[in-house]
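First up is the structure itself, then whatever we jot down about it.
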Amino acid sequence: MITVIANLKGGSGKSTVTFNLGLWLQMKGQPVVAYDLDPQQTLSDVAEVRREEGYTPPLQVNQPRDSLIDDMLYHPQQTQVLVDVGASNMDAMKQALSIASRIIIPVPPSQPDVWATQRFLNIVSELDETNKPEMRVFVNRADTHRAIKESDETEEVLEQLPGVTLIPQRLYQRTVYRRSLSEGMSIFEISKRSKAVDEFNRLAGILYPDLEN
Ligand SMILES: Nc1ncnc2c1ncn2[C@@H]1O[C@H](COP(=O)(O)OP(=O)(O)OP(=O)(O)O)[C@@H](O)[C@H]1O
Ligand SMILES: [Mg+2]
């Protein structure tokens with residue numbers, strides 16, 4: 001299954017989610033191959049830190065090649081192929097979107113991020129008609145203060161967008177995600193029990209209901 005983690009705007013959490021989801025899937029016994037199609041190479045860098053530190057299992061991260069589509073389609077059906085994309089390589093992003101089974105779209109709770117998400121959905125709708133990937137959005141970096149209503153408002157807008165399903169599980173703004181990227185560890189390796197881990201487990205369980213528990 002090819003899952004692309006995408007949005008147009010930087011900083012929405014694509015690489016953070018891809019890295020942690022890849023390690024979560026491996027923890028559940030799934031074979032995982034990730035692709036880093038963003039020239040910034042955040043996912044490749046964090047996987048390299050993980051390898052250097054000797055944390056196991058490593059996360060296999062492939063780079064874009066000339067035969068990118070063939071390369072991504074080459075893996076057996078049971079391999080979880082995760083693709084991290086960036087707007088600075090639109091060609092690679094569109095190639096990945098054109099063969100995706102599923103697109104996961106993290107959206108920070110702000111108006112510019114909602115606009116960028118709408119633009120992103122327009123791009124997807126202009127792609128090859130024959131591939132109709134499932135599209136799921138969720139709020140990432142939600143504010144932990146209850147009084148701040150941006151996440152509620154963002155979810156209300158996301159629910160109205162055509163062709164996408166809102167995942168009713170936010171990831172809140174938690175410092176452990178920054179540590180995760182800088183140390184090359186998943187959030188569940190850094191702390192076994194925390195609010196961030198509970199939230200991420202619930203999100204991943206919704207995305208992969210067969211793998212829960
Ligand atoms: N839920 C969260 N709580 C706190 N920090 C987060 C969260 N999600 C992501 N971050 C942090 O925000 C920063 C940007 O995240 P990340 O690099 O994953 O975004 P991105 O969408 O891949 O960005 P880019 O488009 O630049 O590749 C990172 O420092 C990351 O650790
Ligand atoms: Mg990134």
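Each chain in the structure tokens gets a letter, A, B, ..., in the order shown, and its residues are numbered from 1; ligands are numbered from 1 in order too.
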
Long-range neighbours of Asn89 (chain A) as an mmCIF file with C-alpha atoms, in the first residue's frame, 10 Å cut-off, only C-alpha atoms, 5 positions minimum in chain:
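Done, and the output landed in result10.cif:
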data_model
loop_
_atom_site.group_PDB
_atom_site.id
_atom_site.type_symbol
_atom_site.label_atom_id
_atom_site.label_comp_id
_atom_site.auth_asym_id
_atom_site.auth_seq_id
_atom_site.Cartn_x
_atom_site.Cartn_y
_atom_site.Cartn_z
ATOM 1 C CA LEU A 37 10.908 13.180 -2.232
ATOM 2 C CA ASP A 38 11.641 16.502 -0.559
ATOM 3 C CA PRO A 39 14.955 18.127 -1.566
ATOM 4 C CA GLN A 40 15.321 19.275 2.059
ATOM 5 C CA LYS A 94 2.641 14.625 -8.488
#

Using only C-alpha atoms and all ligand atoms, which residues have at least one atom no more than 6 Å from ligand 2? Output them as a ChimeraX atom specification. /A:14-15,42

Residues within 6 Å of ligand 1, counting only C-alpha atoms and all ligand atoms: report them as a list in words.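 After applying the 6 Å limit, what remains is Lys9, Gly10, Gly11, Ser12, Gly13, Lys14, Ser15, Thr16, Gly86, Asn140, Arg141, Leu171, Tyr172, Gln173, Arg174, Thr175, Tyr177, Arg178 and Leu181 of chain A.
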
Residues from the last selection, N, CA, C and O atoms, saved as a tab-separated table (two decimals), in the first residue's frame:
chain	number	residue	atom	x	y	z
A	9	LYS	N	2.16	23.36	2.29
A	9	LYS	CA	2.86	24.30	3.14
A	9	LYS	C	3.96	23.60	3.94
A	9	LYS	O	3.77	22.45	4.37
A	10	GLY	N	5.03	24.31	4.18
A	10	GLY	CA	6.09	23.75	5.01
A	10	GLY	C	5.70	23.72	6.47
A	10	GLY	O	4.84	24.49	6.91
A	11	GLY	N	6.29	22.81	7.20
A	11	GLY	CA	6.12	22.80	8.64
A	11	GLY	C	4.82	22.21	9.15
A	11	GLY	O	4.51	22.34	10.33
A	12	SER	N	4.07	21.53	8.28
A	12	SER	CA	2.79	20.98	8.76
A	12	SER	C	3.00	19.67	9.52
A	12	SER	O	2.07	19.18	10.17
A	13	GLY	N	4.20	19.11	9.43
A	13	GLY	CA	4.50	17.90	10.20
A	13	GLY	C	4.61	16.65	9.34
A	13	GLY	O	4.59	15.53	9.86
A	14	LYS	N	4.76	16.83	8.03
A	14	LYS	CA	4.81	15.67	7.13
A	14	LYS	C	5.95	14.71	7.50
A	14	LYS	O	5.73	13.51	7.64
A	15	SER	N	7.15	15.27	7.65
A	15	SER	CA	8.30	14.39	7.92
A	15	SER	C	8.21	13.77	9.31
A	15	SER	O	8.55	12.59	9.50
A	16	THR	N	7.73	14.54	10.26
A	16	THR	CA	7.56	14.03	11.63
A	16	THR	C	6.58	12.86	11.66
A	16	THR	O	6.83	11.83	12.28
A	86	GLY	N	7.58	17.22	-0.66
A	86	GLY	CA	7.73	18.65	-0.36
A	86	GLY	C	7.37	19.46	-1.60
A	86	GLY	O	7.54	18.99	-2.73
A	140	ASN	N	-2.72	18.79	13.00
A	140	ASN	CA	-1.46	18.55	13.70
A	140	ASN	C	-1.01	19.86	14.35
A	140	ASN	O	-1.31	20.94	13.85
A	141	ARG	N	-0.30	19.76	15.43
A	141	ARG	CA	0.21	20.92	16.18
A	141	ARG	C	-0.93	21.71	16.81
A	141	ARG	O	-0.89	22.93	16.86
A	171	LEU	N	-3.23	15.64	16.62
A	171	LEU	CA	-1.95	15.58	17.34
A	171	LEU	C	-1.73	16.98	17.89
A	171	LEU	O	-1.80	17.96	17.15
A	172	TYR	N	-1.47	17.06	19.17
A	172	TYR	CA	-1.26	18.36	19.80
A	172	TYR	C	0.19	18.77	19.68
A	172	TYR	O	1.08	17.96	19.39
A	173	GLN	N	0.42	20.04	19.92
A	173	GLN	CA	1.77	20.59	19.94
A	173	GLN	C	2.50	20.01	21.16
A	173	GLN	O	2.14	20.32	22.29
A	174	ARG	N	3.46	19.14	20.96
A	174	ARG	CA	4.21	18.49	22.05
A	174	ARG	C	5.69	18.52	21.72
A	174	ARG	O	6.08	18.14	20.60
A	175	THR	N	6.49	18.90	22.70
A	175	THR	CA	7.93	19.06	22.44
A	175	THR	C	8.61	17.75	22.04
A	175	THR	O	9.64	17.77	21.37
A	177	TYR	N	7.99	15.75	19.78
A	177	TYR	CA	8.14	15.59	18.33
A	177	TYR	C	9.44	16.23	17.84
A	177	TYR	O	10.07	15.73	16.92
A	178	ARG	N	9.80	17.34	18.46
A	178	ARG	CA	11.06	17.97	18.04
A	178	ARG	C	12.24	17.09	18.44
A	178	ARG	O	13.20	16.92	17.70
A	181	LEU	N	12.69	14.16	15.97
A	181	LEU	CA	13.44	14.45	14.73
A	181	LEU	C	14.92	14.68	15.02
A	181	LEU	O	15.77	14.26	14.24

Which residue, A:Ser110, A:Thr117, A:Thr130, A:Asn201, has the smallest gap to Lys149 (chain A) when you use only C-alpha atoms?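 Counting only C-alpha atoms, the residue closest to Lys149 (chain A) is A:Ser110.
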
I'd like the contact shell of Val61 (chain A) - 12 Å cut-off, only C-alpha atoms, skipping same-chain residues fewer than 6 positions apart - returned as a list in words. Ser15, Thr18, Phe19, Gly22, Leu23, Val32, Val33, Ala34, Tyr35, Asp36, Leu37, Asp38, Gln41, Thr42, Leu43, Ser44, Asp45, Val46, Ala47, Glu48, Arg50, Arg51, Met72, Val81, Leu82, Val83 and Asp84 of chain A

Please compute the CA of Ala147 (chain A)-CA of Ser186 (chain A) distance, one decimal, in Å.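 Separation of CA of Ala147 (chain A) and CA of Ser186 (chain A): 29.6 Å.
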
Any idea what's packed within 7 Å of Thr165 (chain A), counting only C-alpha atoms, ignoring anything in its chain fewer than 6 positions away? Could you give it as a PyMOL selection string? chain A and resi 135-137+159
